[in-house]
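**Q** Input final-v2.csv, format and content: CSV, C-alpha atoms and all ligand atoms.
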chain,number,residue,atom,x,y,z
A,1210,MET,CA,-28.1,-15.2,19.6
A,1211,HIS,CA,-27.4,-16.1,23.3
A,1212,GLN,CA,-25.1,-13.7,25.1
A,1213,SER,CA,-22.4,-16.3,25.4
A,1214,SER,CA,-22.4,-17.2,21.7
A,1215,GLU,CA,-22.4,-13.5,20.8
A,1216,LEU,CA,-19.4,-13.0,23.1
A,1217,SER,CA,-17.5,-16.0,21.6
A,1218,SER,CA,-18.2,-14.9,18.0
A,1219,SER,CA,-17.0,-11.3,18.8
A,1220,ILE,CA,-13.8,-12.8,20.3
A,1221,GLU,CA,-13.3,-15.0,17.3
A,1222,ASN,CA,-13.6,-11.9,15.0
A,1223,THR,CA,-11.0,-9.9,16.9
A,1224,VAL,CA,-8.5,-12.4,18.2
A,1225,ILE,CA,-4.9,-11.8,17.1
A,1226,ARG,CA,-3.1,-15.0,16.3
A,1227,HIS,CA,0.5,-15.7,15.2
A,1228,ASP,CA,0.3,-19.4,14.6
A,1229,TRP,CA,-1.4,-19.6,11.2
A,1230,GLN,CA,-0.7,-22.6,9.0
A,1231,VAL,CA,-0.9,-22.4,5.2
A,1232,ALA,CA,-3.5,-25.2,5.1
A,1233,GLU,CA,-5.8,-23.2,7.5
A,1234,ILE,CA,-5.5,-20.0,5.4
A,1235,GLN,CA,-6.1,-22.1,2.3
A,1236,ALA,CA,-9.3,-23.5,3.8
A,1237,LEU,CA,-10.5,-19.9,4.3
A,1238,TYR,CA,-9.5,-19.0,0.8
A,1239,GLU,CA,-11.4,-21.9,-0.7
A,1240,LEU,CA,-14.7,-21.1,1.0
A,1241,PRO,CA,-17.6,-20.4,-1.3
A,1242,PHE,CA,-17.0,-16.7,-2.4
A,1243,ASN,CA,-20.0,-15.4,-0.6
A,1244,ASP,CA,-19.1,-17.2,2.6
A,1245,LEU,CA,-15.6,-15.9,2.5
A,1246,LEU,CA,-16.7,-12.3,1.9
A,1247,PHE,CA,-19.3,-12.5,4.6
A,1248,LYS,CA,-16.7,-13.7,7.1
A,1249,ALA,CA,-14.2,-11.1,6.0
A,1250,GLN,CA,-16.8,-8.3,6.3
A,1251,THR,CA,-17.9,-9.6,9.7
A,1252,VAL,CA,-14.3,-9.5,10.9
A,1253,HIS,CA,-13.8,-6.1,9.3
A,1254,ARG,CA,-16.9,-4.6,11.1
A,1255,ALA,CA,-15.8,-6.0,14.5
A,1256,ASN,CA,-12.5,-4.0,14.2
A,1257,PHE,CA,-13.1,-1.0,12.0
A,1258,ASP,CA,-15.8,1.4,10.7
A,1259,SER,CA,-16.5,-0.5,7.5
A,1260,ASN,CA,-17.4,2.7,5.6
A,1261,LYS,CA,-14.1,4.5,6.2
A,1262,VAL,CA,-11.0,4.2,4.1
A,1263,GLN,CA,-7.5,5.6,5.0
A,1264,THR,CA,-5.8,7.6,2.3
A,1265,SER,CA,-2.0,7.8,1.9
A,1266,THR,CA,-0.2,9.9,-0.7
A,1267,LEU,CA,3.1,8.6,-2.2
A,1268,MET,CA,6.1,10.6,-3.4
A,1269,SER,CA,9.3,9.3,-5.0
A,1270,ILE,CA,12.1,11.2,-3.3
A,1271,LYS,CA,14.9,9.4,-5.1
A,1272,THR,CA,14.1,7.8,-8.4
A,1273,GLY,CA,15.8,5.1,-10.5
A,1274,ALA,CA,19.2,3.4,-10.8
A,1275,CYS,CA,18.6,1.1,-7.8
A,1276,PRO,CA,21.4,-1.5,-7.3
A,1277,GLU,CA,18.9,-4.2,-6.4
A,1278,ASP,CA,17.5,-6.5,-9.1
A,1279,CYS,CA,13.8,-6.9,-8.0
A,1280,ALA,CA,12.2,-8.3,-11.2
A,1281,TYR,CA,9.0,-6.3,-10.9
A,1282,CYS,CA,10.6,-2.9,-10.3
A,1283,PRO,CA,10.9,-0.2,-13.0
A,1284,GLN,CA,13.5,1.5,-10.8
A,1285,SER,CA,16.1,-1.3,-10.8
A,1286,GLY,CA,19.3,-0.3,-12.5
A,1287,HIS,CA,19.6,-3.8,-13.9
A,1288,TYR,CA,16.8,-3.2,-16.4
A,1289,ASN,CA,16.1,-0.6,-19.1
A,1290,THR,CA,12.7,0.9,-18.4
A,1291,GLY,CA,13.5,4.3,-19.7
A,1292,LEU,CA,13.7,6.0,-16.3
A,1293,SER,CA,16.5,8.4,-15.8
A,1294,LYS,CA,18.6,8.4,-12.6
A,1295,GLU,CA,17.7,11.2,-10.3
A,1296,GLN,CA,19.2,12.7,-7.2
A,1297,LEU,CA,17.4,13.0,-3.8
A,1298,VAL,CA,14.8,15.7,-4.3
A,1299,ALA,CA,15.0,19.0,-2.4
A,1300,LEU,CA,13.3,19.4,1.0
A,1301,GLU,CA,11.1,22.3,-0.4
A,1302,GLU,CA,9.7,20.0,-3.1
A,1303,VAL,CA,8.7,17.5,-0.5
A,1304,VAL,CA,7.0,20.1,1.7
A,1305,LYS,CA,5.1,21.4,-1.3
A,1306,SER,CA,3.8,18.0,-2.3
A,1307,ALA,CA,3.0,17.2,1.3
A,1308,LYS,CA,1.0,20.4,1.7
A,1309,ASN,CA,-0.9,19.5,-1.5
A,1310,ALA,CA,-1.5,16.0,-0.1
A,1311,LYS,CA,-2.9,17.4,3.1
A,1312,ARG,CA,-5.2,19.8,1.2
A,1313,THR,CA,-6.6,17.0,-0.9
A,1314,GLY,CA,-7.5,15.0,2.2
A,1315,ALA,CA,-4.7,12.5,2.6
A,1316,THR,CA,-3.8,11.6,6.2
A,1317,ARG,CA,-0.4,10.0,5.6
A,1318,PHE,CA,2.5,11.0,3.4
A,1319,CYS,CA,4.8,8.2,2.2
A,1320,MET,CA,8.2,8.9,0.8
A,1321,GLY,CA,10.0,6.2,-1.3
A,1322,ALA,CA,13.7,6.0,-2.3
A,1323,ALA,CA,15.2,3.6,-4.8
A,1324,TRP,CA,17.9,2.5,-2.5
A,1325,ARG,CA,19.3,-0.8,-1.3
A,1326,SER,CA,19.8,1.0,2.0
A,1327,PRO,CA,20.3,4.7,3.0
A,1328,ARG,CA,23.9,5.8,3.0
A,1329,GLY,CA,26.0,9.0,3.2
A,1330,LYS,CA,24.8,12.6,3.3
A,1331,ASP,CA,21.3,11.8,2.0
A,1332,PHE,CA,20.0,10.1,5.1
A,1333,PRO,CA,20.1,13.3,7.4
A,1334,VAL,CA,18.2,15.1,4.6
A,1335,VAL,CA,15.5,12.4,4.8
A,1336,LEU,CA,15.3,12.9,8.5
A,1337,GLU,CA,14.7,16.6,7.9
A,1338,MET,CA,11.9,15.6,5.4
A,1339,ILE,CA,10.2,13.5,8.0
A,1340,LYS,CA,10.3,16.3,10.5
A,1341,ALA,CA,8.9,18.8,8.0
A,1342,VAL,CA,6.1,16.5,6.9
A,1343,LYS,CA,5.2,15.7,10.5
A,1344,ALA,CA,5.1,19.5,11.3
A,1345,LEU,CA,2.2,19.7,8.7
A,1346,GLU,CA,0.3,17.3,11.0
A,1347,LEU,CA,0.4,14.4,8.5
A,1348,GLU,CA,1.4,10.9,9.4
A,1349,THR,CA,4.8,10.1,8.0
A,1350,CYS,CA,6.0,7.0,6.2
A,1351,VAL,CA,9.2,6.2,4.4
A,1352,THR,CA,10.6,3.2,2.5
A,1353,LEU,CA,14.3,3.4,2.1
A,1354,GLY,CA,15.4,-0.3,1.9
A,1355,MET,CA,17.5,-2.1,4.5
A,1356,LEU,CA,18.3,-0.3,7.8
A,1357,ASN,CA,20.7,-0.7,10.7
A,1358,PRO,CA,19.9,-0.1,14.4
A,1359,GLU,CA,21.4,3.4,14.4
A,1360,GLN,CA,19.2,4.4,11.4
A,1361,THR,CA,16.0,3.0,13.0
A,1362,ALA,CA,16.8,5.0,16.2
A,1363,GLN,CA,17.3,8.2,14.1
A,1364,LEU,CA,14.1,7.6,12.2
A,1365,LYS,CA,12.2,7.2,15.4
A,1366,GLU,CA,13.8,10.3,16.9
A,1367,ALA,CA,12.7,12.3,13.8
A,1368,GLY,CA,9.1,11.3,14.5
A,1369,LEU,CA,8.6,8.6,11.8
A,1370,ASP,CA,5.2,6.9,12.2
A,1371,TYR,CA,5.5,4.0,9.6
A,1372,TYR,CA,8.3,2.2,7.8
A,1373,ASN,CA,7.3,0.4,4.6
A,1374,HIS,CA,9.3,-2.8,3.8
A,1375,ASN,CA,7.5,-5.5,1.9
A,1376,LEU,CA,8.1,-9.2,2.0
A,1377,ASP,CA,6.7,-9.2,-1.6
A,1378,THR,CA,6.2,-12.9,-2.0
A,1379,SER,CA,6.7,-16.3,-0.2
A,1380,ALA,CA,10.1,-17.2,1.2
A,1381,GLU,CA,10.2,-20.1,-1.3
A,1382,TYR,CA,9.6,-17.9,-4.4
A,1383,TYR,CA,11.8,-15.0,-3.3
A,1384,ASP,CA,15.0,-16.0,-5.2
A,1385,GLN,CA,13.0,-16.2,-8.4
A,1386,ILE,CA,12.2,-12.5,-8.0
A,1387,ILE,CA,15.2,-10.9,-6.2
A,1388,THR,CA,18.8,-12.3,-6.1
A,1389,THR,CA,20.6,-9.3,-4.5
A,1390,ARG,CA,19.2,-9.8,-1.0
A,1391,THR,CA,17.5,-12.5,1.0
A,1392,TYR,CA,14.2,-13.0,2.8
A,1393,ASP,CA,16.1,-13.0,6.0
A,1394,ASP,CA,17.5,-9.6,5.2
A,1395,ARG,CA,14.0,-8.4,4.9
A,1396,LEU,CA,12.8,-10.0,8.1
A,1397,GLN,CA,15.8,-8.5,9.9
A,1398,THR,CA,15.0,-4.9,8.9
A,1399,LEU,CA,11.3,-5.5,9.9
A,1400,ALA,CA,12.5,-6.6,13.4
A,1401,LEU,CA,14.7,-3.5,13.8
A,1402,VAL,CA,11.8,-1.2,12.8
A,1403,ARG,CA,9.5,-3.0,15.2
A,1404,ASP,CA,12.0,-2.9,18.0
A,1405,ALA,CA,12.5,0.8,17.5
A,1406,GLY,CA,8.8,1.3,18.1
A,1407,ILE,CA,8.0,2.4,14.6
A,1408,ASN,CA,4.8,1.1,13.0
A,1409,VAL,CA,5.4,-1.6,10.4
A,1410,CYS,CA,3.9,-1.4,6.9
A,1411,ALA,CA,4.6,-4.7,5.1
A,1412,GLY,CA,2.9,-6.6,2.4
A,1413,GLY,CA,3.5,-7.9,-1.0
A,1414,ILE,CA,2.7,-8.2,-4.7
A,1415,LEU,CA,0.3,-10.6,-6.4
A,1416,GLY,CA,0.6,-11.6,-10.0
A,1417,MET,CA,4.4,-12.2,-10.4
A,1418,GLY,CA,3.9,-15.8,-11.7
A,1419,GLU,CA,3.8,-17.2,-8.2
A,1420,THR,CA,1.5,-20.1,-7.2
A,1421,LEU,CA,-1.5,-19.9,-4.9
A,1422,ARG,CA,0.6,-21.6,-2.3
A,1423,ASP,CA,3.2,-18.8,-2.5
A,1424,ARG,CA,0.5,-16.2,-2.0
A,1425,LEU,CA,-1.0,-18.0,1.0
A,1426,SER,CA,2.5,-18.5,2.4
A,1427,LEU,CA,3.2,-14.7,2.1
A,1428,ILE,CA,0.0,-14.0,4.1
A,1429,LYS,CA,1.1,-16.6,6.7
A,1430,GLU,CA,4.6,-14.9,7.0
A,1431,LEU,CA,3.0,-11.5,7.6
A,1432,ALA,CA,0.5,-12.9,10.1
A,1433,ASN,CA,3.1,-14.9,12.0
A,1434,LEU,CA,5.5,-12.0,12.5
A,1435,PRO,CA,5.8,-11.2,16.3
A,1436,GLU,CA,3.3,-8.4,15.8
A,1437,HIS,CA,1.0,-8.0,12.8
A,1438,PRO,CA,2.1,-5.2,10.6
A,1439,GLN,CA,-0.1,-2.2,11.4
A,1440,SER,CA,-0.4,-1.6,7.6
A,1441,VAL,CA,-0.5,-4.4,5.0
A,1442,PRO,CA,-0.2,-3.2,1.4
A,1443,ILE,CA,-1.4,-5.7,-1.2
A,1444,ASN,CA,-0.1,-4.7,-4.6
A,1445,GLN,CA,-1.3,-6.1,-7.9
A,1446,LEU,CA,1.8,-6.2,-10.1
A,1447,ILE,CA,2.1,-3.3,-12.5
A,1448,ALA,CA,3.8,-5.1,-15.4
A,1449,VAL,CA,6.3,-2.5,-16.6
A,1450,LYS,CA,8.0,-2.7,-20.0
A,1451,GLY,CA,11.6,-3.5,-19.7
A,1452,THR,CA,11.4,-5.4,-16.5
A,1453,PRO,CA,11.7,-9.3,-16.5
A,1454,LEU,CA,8.0,-9.5,-15.5
A,1455,GLU,CA,6.7,-7.3,-18.3
A,1456,ASN,CA,4.6,-10.1,-19.8
A,1457,SER,CA,3.2,-11.5,-16.5
A,1458,GLU,CA,-0.4,-12.6,-16.7
A,1459,SER,CA,-2.6,-10.8,-14.3
A,1460,LEU,CA,-4.4,-12.6,-11.6
A,1461,ASP,CA,-8.0,-13.6,-11.9
A,1462,THR,CA,-10.1,-10.8,-10.3
A,1463,PHE,CA,-11.9,-13.1,-7.8
A,1464,GLU,CA,-8.6,-14.7,-6.8
A,1465,PHE,CA,-7.3,-11.2,-6.0
A,1466,ILE,CA,-10.4,-10.3,-4.0
A,1467,ARG,CA,-10.1,-13.6,-2.1
A,1468,MET,CA,-6.5,-12.7,-1.1
A,1469,ILE,CA,-7.7,-9.4,0.3
A,1470,ALA,CA,-10.4,-11.3,2.3
A,1471,VAL,CA,-8.0,-13.8,3.8
A,1472,ALA,CA,-5.5,-11.0,4.7
A,1473,ARG,CA,-8.4,-9.2,6.5
A,1474,ILE,CA,-9.4,-12.4,8.4
A,1475,VAL,CA,-5.9,-13.4,9.6
A,1476,MET,CA,-4.8,-9.9,10.4
A,1477,PRO,CA,-8.1,-8.5,11.8
A,1478,ALA,CA,-6.9,-5.2,13.3
A,1479,SER,CA,-4.4,-4.2,10.5
A,1480,TYR,CA,-5.1,-1.8,7.8
A,1481,VAL,CA,-5.2,-3.7,4.5
A,1482,ARG,CA,-4.2,-1.4,1.7
A,1483,LEU,CA,-5.5,-1.9,-1.8
A,1484,SER,CA,-2.2,-0.7,-3.1
A,1485,ALA,CA,-0.5,-0.5,-6.5
A,1486,GLY,CA,-2.5,-1.7,-9.6
A,1487,ARG,CA,-5.8,0.1,-9.0
A,1488,GLU,CA,-5.4,1.8,-12.3
A,1489,ASN,CA,-6.0,-1.6,-13.9
A,1490,MET,CA,-9.0,-2.5,-11.7
A,1491,SER,CA,-12.6,-1.6,-12.4
A,1492,ASP,CA,-14.7,0.4,-9.9
A,1493,GLU,CA,-16.7,-2.8,-9.2
A,1494,MET,CA,-13.5,-4.8,-8.4
A,1495,GLN,CA,-12.3,-2.1,-6.0
A,1496,ALA,CA,-15.7,-2.0,-4.3
A,1497,MET,CA,-15.5,-5.7,-3.8
A,1498,CYS,CA,-12.0,-5.3,-2.3
A,1499,PHE,CA,-13.4,-2.7,0.1
A,1500,PHE,CA,-16.2,-5.2,1.0
A,1501,ALA,CA,-13.6,-7.9,1.5
A,1502,GLY,CA,-11.8,-5.7,4.1
A,1503,ALA,CA,-9.4,-3.4,2.3
A,1504,ASN,CA,-9.5,-0.1,4.1
A,1505,SER,CA,-6.7,2.0,2.8
A,1506,ILE,CA,-5.5,3.2,-0.6
A,1507,PHE,CA,-2.8,5.2,-2.2
A,1508,TYR,CA,-4.4,8.5,-3.1
A,1509,GLY,CA,-3.0,10.8,-5.8
A,1510,GLU,CA,-2.3,10.5,-9.5
A,1511,LYS,CA,1.1,9.0,-9.2
A,1512,LEU,CA,2.5,6.0,-7.2
A,1513,LEU,CA,6.3,6.2,-7.4
A,1514,THR,CA,6.9,6.1,-11.1
A,1515,THR,CA,3.6,4.7,-12.4
A,1516,GLU,CA,0.1,6.0,-12.7
A,1517,ASN,CA,-2.6,5.8,-10.0
A,1518,PRO,CA,-6.3,6.8,-10.5
A,1519,ASP,CA,-7.2,10.5,-10.4
A,1520,MET,CA,-8.2,11.8,-7.0
A,1521,ASN,CA,-11.5,13.0,-8.5
A,1522,HIS,CA,-12.2,9.5,-9.7
A,1523,ASP,CA,-11.4,8.1,-6.2
A,1524,LEU,CA,-13.5,10.7,-4.4
A,1525,GLU,CA,-16.4,10.0,-6.8
A,1526,LEU,CA,-16.1,6.3,-6.2
A,1527,PHE,CA,-16.1,6.8,-2.5
A,1528,ALA,CA,-19.2,9.0,-2.9
A,1529,ARG,CA,-21.0,6.4,-5.0
A,1530,LEU,CA,-20.2,3.7,-2.3
A,1531,GLY,CA,-21.0,5.9,0.7
A,1532,ILE,CA,-17.3,5.6,1.8
A,1533,GLU,CA,-15.8,8.4,3.8
A,1534,PRO,CA,-12.0,9.0,3.6
A,1535,GLU,CA,-10.6,8.9,7.1
A,1536,GLY,CA,-9.3,12.4,6.8
A,1537,GLY,CA,-12.8,13.6,5.6
A,1538,THR,CA,-13.7,14.7,2.1
A,1539,PRO,CA,-11.7,17.9,1.2
A,1540,GLU,CA,-13.7,21.0,1.9
A,1541,THR,CA,-12.8,22.5,-1.5
A,1542,ASN,CA,-14.5,19.5,-3.2
A,1543,PRO,CA,-17.8,19.1,-1.5
A,1544,CYS,CA,-19.4,17.2,-4.3
A,1545,PRO,CA,-16.8,14.9,-5.9
A,1546,ARG,CA,-19.2,13.6,-8.6
A,1547,LYS,CA,-20.1,17.1,-9.8
A,1548,LEU,CA,-16.5,18.3,-9.7
A,1549,ALA,CA,-15.3,15.3,-11.6
A,1550,GLU,CA,-18.0,15.8,-14.3
A,1551,GLU,CA,-17.2,19.5,-14.6
A,1552,GLN,CA,-13.5,18.7,-14.9
A,1553,GLN,CA,-14.0,15.9,-17.4
A,1554,VAL,CA,-15.9,18.4,-19.6
A,1555,ILE,CA,-13.2,21.1,-19.3
A,1556,SER,CA,-10.4,18.7,-19.9
A,1557,GLU,CA,-12.1,17.0,-22.9
A,1558,ALA,CA,-12.8,20.4,-24.4
A,1559,ALA,CA,-9.2,21.4,-23.9
A,1560,GLY,CA,-8.0,18.1,-25.2
A,1561,GLU,CA,-6.0,17.7,-22.0
A,1562,ASN,CA,-4.6,14.5,-20.6
A,1563,LYS,CA,-5.2,13.0,-17.2
A,1564,THR,CA,-2.4,14.8,-15.5
A,1565,ALA,CA,-3.8,18.1,-16.7
A,1566,LYS,CA,-7.2,17.1,-15.4
A,1567,THR,CA,-5.8,16.4,-11.9
A,1568,LYS,CA,-4.0,19.7,-12.0
A,1569,LEU,CA,-7.3,21.5,-12.4
A,1570,PHE,CA,-8.3,20.0,-9.1
A,1571,TYR,CA,-5.2,21.5,-7.4
A,1572,ASP,CA,-5.8,24.8,-9.1
A,1573,ALA,CA,-9.4,24.8,-7.9
A,1574,ALA,CA,-8.2,23.9,-4.4
A,1575,SER,CA,-5.5,26.6,-4.1
A,1601,LIG,N1,13.7,0.4,-2.4
A,1601,LIG,C1,12.9,0.2,-1.3
A,1601,LIG,C2,12.4,-1.2,-1.1
A,1601,LIG,O1,12.4,-2.0,-2.1
A,1601,LIG,O2,12.1,-1.6,0.0
A,1601,LIG,C3,11.6,1.1,-1.3
A,1601,LIG,C4,10.9,1.3,-2.6
A,1601,LIG,S1,10.2,-0.1,-3.4
A,1601,LIG,C5,9.7,0.6,-5.0
A,1601,LIG,C6,8.7,-0.3,-2.5
A,1601,LIG,C7,7.7,-1.4,-3.0
A,1601,LIG,O3,7.1,-1.1,-4.2
A,1601,LIG,C8,8.3,-2.8,-3.3
A,1601,LIG,O4,8.6,-3.5,-2.1
A,1601,LIG,C9,7.2,-3.4,-4.1
A,1601,LIG,O5,6.4,-4.2,-3.2
A,1601,LIG,C10,6.5,-2.3,-4.7
A,1601,LIG,N2,6.6,-2.2,-6.1
A,1601,LIG,C11,7.6,-1.9,-6.9
A,1601,LIG,N3,7.4,-2.0,-8.2
A,1601,LIG,C12,6.1,-2.5,-8.3
A,1601,LIG,C13,5.3,-2.9,-9.4
A,1601,LIG,N4,5.8,-2.8,-10.7
A,1601,LIG,N5,4.1,-3.3,-9.2
A,1601,LIG,C14,3.6,-3.4,-7.9
A,1601,LIG,N6,4.4,-3.1,-6.8
A,1601,LIG,C15,5.6,-2.6,-7.0
A,1602,LIG,C1,3.9,-0.4,-1.6
A,1602,LIG,O1,3.6,-1.5,-1.1
A,1602,LIG,N1,3.6,0.0,-2.8
A,1602,LIG,C2,4.1,1.3,-3.1
A,1602,LIG,C3,4.7,1.7,-1.7
A,1602,LIG,N2,4.6,0.5,-1.0
A,1602,LIG,C4,6.1,2.3,-1.7
A,1602,LIG,C5,4.9,1.4,-4.3
A,1602,LIG,C6,4.2,0.9,-5.5
A,1602,LIG,C7,5.1,1.2,-6.7
A,1602,LIG,C8,4.6,0.8,-8.0
A,1602,LIG,C9,5.5,1.0,-9.1
A,1602,LIG,C10,6.0,2.5,-9.3
A,1602,LIG,O2,5.2,3.4,-9.3
A,1602,LIG,O3,7.2,2.7,-9.5
A,1603,LIG,FE1,15.2,-1.0,-5.6
A,1603,LIG,FE2,13.1,-1.1,-4.1
A,1603,LIG,FE3,12.9,-1.2,-6.7
A,1603,LIG,FE4,13.9,-3.3,-5.4
A,1603,LIG,S1,11.8,-2.5,-5.2
A,1603,LIG,S2,14.7,-2.3,-7.3
A,1603,LIG,S3,15.0,-2.2,-3.8
A,1603,LIG,S4,13.6,0.5,-5.6
Is it possible to express this structure as structure tokens?
**A**
Amino acid sequence: MHQSSELSSSIENTVIRHDWQVAEIQALYELPFNDLLFKAQTVHRANFDSNKVQTSTLMSIKTGACPEDCAYCPQSGHYNTGLSKEQLVALEEVVKSAKNAKRTGATRFCMGAAWRSPRGKDFPVVLEMIKAVKALELETCVTLGMLNPEQTAQLKEAGLDYYNHNLDTSAEYYDQIITTRTYDDRLQTLALVRDAGINVCAGGILGMGETLRDRLSLIKELANLPEHPQSVPINQLIAVKGTPLENSESLDTFEFIRMIAVARIVMPASYVRLSAGRENMSDEMQAMCFFAGANSIFYGEKLLTTENPDMNHDLELFARLGIEPEGGTPETNPCPRKLAEEQQVISEAAGENKTAKTKLFYDAAS
């Protein structure tokens, strides 16, 4: 390649645009699969180390009985999913989980609350949680629902690194999924978070009965925000019994991978997180998502209320793919494959379930 064409292709792979049209994103999406993946991987390599994946651990700090009616959510008080209402967890419990997350190699600790918005005496406690997690030299993230300017200022002051607030789907499909708030409410909180100088984590869910156009429109909304979200979680719906979406049909695997690829191409410098739903994805599907430009995962056996793959399984998958977690592979687990095999044998012998198997890892690490 001549120097000038090398330069123009490297600019093309790194340029940040905010004027995407759905038709343009659709044209990318409809490329032959190999061409799309090649393009996504080329953009990925121009902006990131393509063999590194960021790992975030999630903790539910306040579970259930949420006043919102999000049709996908097991924590909405409008549906009966068998979850019991819980109070805000204690600060010490958060510190304990965050220490564990750090020891197992996570670089970010995300705390989620089933709130419409933070109110009353709980918010100052969340500020203390952020400070305590930050003191462990972990990046901090919270997701607490809608915020006002005073709250964003206090979160920033407490040292918050990221705020998660998803657009979830297209503006057009939004009222089919949530009726207790609007898309504009969501955009407004994102603006307040951005203006407070907190990194934005915003993405959505695929597989809620939306059309392809809705999915492309969601990606367009995210890409055309005044700044690209620094982190873009792409969730595959976990169809939870008792929610209105319990019988939703899952998306075709290749359609999901294509969406990861277009997210990577239109938001070249953002972390794209292969988020909820990995428990229902094969290793091969996840590997293709990483090739398509996903470079972050939730790491740990639990999301908020649902299951996530074992850490050992993830570390083994990384090892098989030559992927390095951004925080490094935990020292206590130098050979993930061997450890996973040993633990599989021990757990099977003891007739233990998955949670017990993961516990063995913690025990080994402590
Ligand atoms: N209540 C806050 C809010 O909605 O912003 C924070 C917690 S909420 C559980 C965070 C995100 O989790 C939602 O925006 C949604 O994208 C995701 N989520 C919830 N239930 C899910 C499910 N069943 N499958 C996939 N993602 C889900
Ligand atoms: C995001 O996009 N996905 C996470 C996080 N942000 C807070 C939550 C997934 C929740 C899946 C359902 C559950 O475990 O309750
Ligand atoms: Fe509440 Fe968030 Fe679940 Fe909606 S997604 S019901 S706001 S916890």
**Q** Show me which residues sit within 10 Å of ligand LIG 1602 (chain A) when counting only C-alpha atoms and all ligand atoms, and put them as a VMD selection string.
**A** chain A and resid 1265 to 1269 1272 to 1273 1281 to 1285 1292 1319 to 1323 1350 to 1353 1372 to 1377 1410 to 1414 1440 to 1449 1482 to 1486 1506 to 1507 1511 to 1517
**Q** Restrict the calculation to only C-alpha atoms, then for each residue of region 1281-1326 of chain A with any atom at most 12 Å from an atom of region 1520-1524 of chain A give the closest atom pair and their distance in Å to one decimal, rows by chain and rising residue number, as JSON lines.
**A**
{"residue": "A:Asn1309", "atom": "CA", "partner": "A:Met1520", "partner_atom": "CA", "distance": 12.0}
{"residue": "A:Ala1310", "atom": "CA", "partner": "A:Met1520", "partner_atom": "CA", "distance": 10.5}
{"residue": "A:Arg1312", "atom": "CA", "partner": "A:Met1520", "partner_atom": "CA", "distance": 11.8}
{"residue": "A:Thr1313", "atom": "CA", "partner": "A:Met1520", "partner_atom": "CA", "distance": 8.2}
{"residue": "A:Gly1314", "atom": "CA", "partner": "A:Met1520", "partner_atom": "CA", "distance": 9.8}
{"residue": "A:Ala1315", "atom": "CA", "partner": "A:Met1520", "partner_atom": "CA", "distance": 10.2}
**Q** Excluding Ser1259 (chain A) and residues on its chain fewer than 3 positions from it, collect all residues at most 10 Å away from it, counting all atoms listed in the file, and give them as a PDB file with C-alpha atoms, in the coordinates of the input.
**A**
ATOM      1  CA  GLN A1250     -16.800  -8.300   6.300  1.00  0.00           C
ATOM      2  CA  THR A1251     -17.900  -9.600   9.700  1.00  0.00           C
ATOM      3  CA  VAL A1252     -14.300  -9.500  10.900  1.00  0.00           C
ATOM      4  CA  HIS A1253     -13.800  -6.100   9.300  1.00  0.00           C
ATOM      5  CA  ARG A1254     -16.900  -4.600  11.100  1.00  0.00           C
ATOM      6  CA  ALA A1255     -15.800  -6.000  14.500  1.00  0.00           C
ATOM      7  CA  ASN A1256     -12.500  -4.000  14.200  1.00  0.00           C
ATOM      8  CA  VAL A1262     -11.000   4.200   4.100  1.00  0.00           C
ATOM      9  CA  PHE A1499     -13.400  -2.700   0.100  1.00  0.00           C
ATOM     10  CA  PHE A1500     -16.200  -5.200   1.000  1.00  0.00           C
ATOM     11  CA  ALA A1501     -13.600  -7.900   1.500  1.00  0.00           C
ATOM     12  CA  GLY A1502     -11.800  -5.700   4.100  1.00  0.00           C
ATOM     13  CA  ALA A1503      -9.400  -3.400   2.300  1.00  0.00           C
ATOM     14  CA  ASN A1504      -9.500  -0.100   4.100  1.00  0.00           C
ATOM     15  CA  ILE A1532     -17.300   5.600   1.800  1.00  0.00           C
ATOM     16  CA  GLU A1533     -15.800   8.400   3.800  1.00  0.00           C
TER      17      GLU A1533
END
**Q** Measuring between all atoms listed in the file, which one of A:Glu1493, A:Glu1301, A:Glu1366, A:Asp1258 shows the shortest distance to Tyr1480 (chain A)?
**A**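 For Tyr1480 (chain A), the nearest of the given residues is A:Asp1258.
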**Q** List as a ChimeraX atom specification the residues having at least one atom at most 9 Å from position (-0.8, -18.8, -0.4) as given in the file, counting only C-alpha atoms.
**A** /A:1231-1232,1234-1235,1238,1379,1420-1429,1468
**Q** Rank A:Phe1247, A:Phe1257, A:Tyr1383, A:Tyr1508 by their smallest atom-to-atom distance to ligand LIG 1601 (chain A), using only C-alpha atoms and all ligand atoms, and report the top residue only.
**A**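 So, comparing all the options, the nearest one is A:Tyr1383.
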**Q** Counting all atoms listed in the file, note down every residue that has an atom within 9 Å of the point (12.4, -7.7, 5.5) (file coordinates), as a ChimeraX atom specification.
**A** /A:1354-1355,1374-1376,1391-1400,1411
**Q** Save out the residues we just selected, C-alpha atoms, as a compact mmCIF listing (two decimals), in the coordinates of the input.
**A**
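Just written: result-v4.txt:
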# COMPACT_ATOMS: atom_id res chain seq x y z
CA GLY A 1354 15.40 -0.30 1.90
CA MET A 1355 17.50 -2.10 4.50
CA HIS A 1374 9.30 -2.80 3.80
CA ASN A 1375 7.50 -5.50 1.90
CA LEU A 1376 8.10 -9.20 2.00
CA THR A 1391 17.50 -12.50 1.00
CA TYR A 1392 14.20 -13.00 2.80
CA ASP A 1393 16.10 -13.00 6.00
CA ASP A 1394 17.50 -9.60 5.20
CA ARG A 1395 14.00 -8.40 4.90
CA LEU A 1396 12.80 -10.00 8.10
CA GLN A 1397 15.80 -8.50 9.90
CA THR A 1398 15.00 -4.90 8.90
CA LEU A 1399 11.30 -5.50 9.90
CA ALA A 1400 12.50 -6.60 13.40
CA ALA A 1411 4.60 -4.70 5.10
**Q** Could you please determine the separation between CA of Asn1289 (chain A) and atom C6 of ligand LIG 1601 (chain A) in Å, to one decimal place?
**A**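 It comes out at 18.2 Å.
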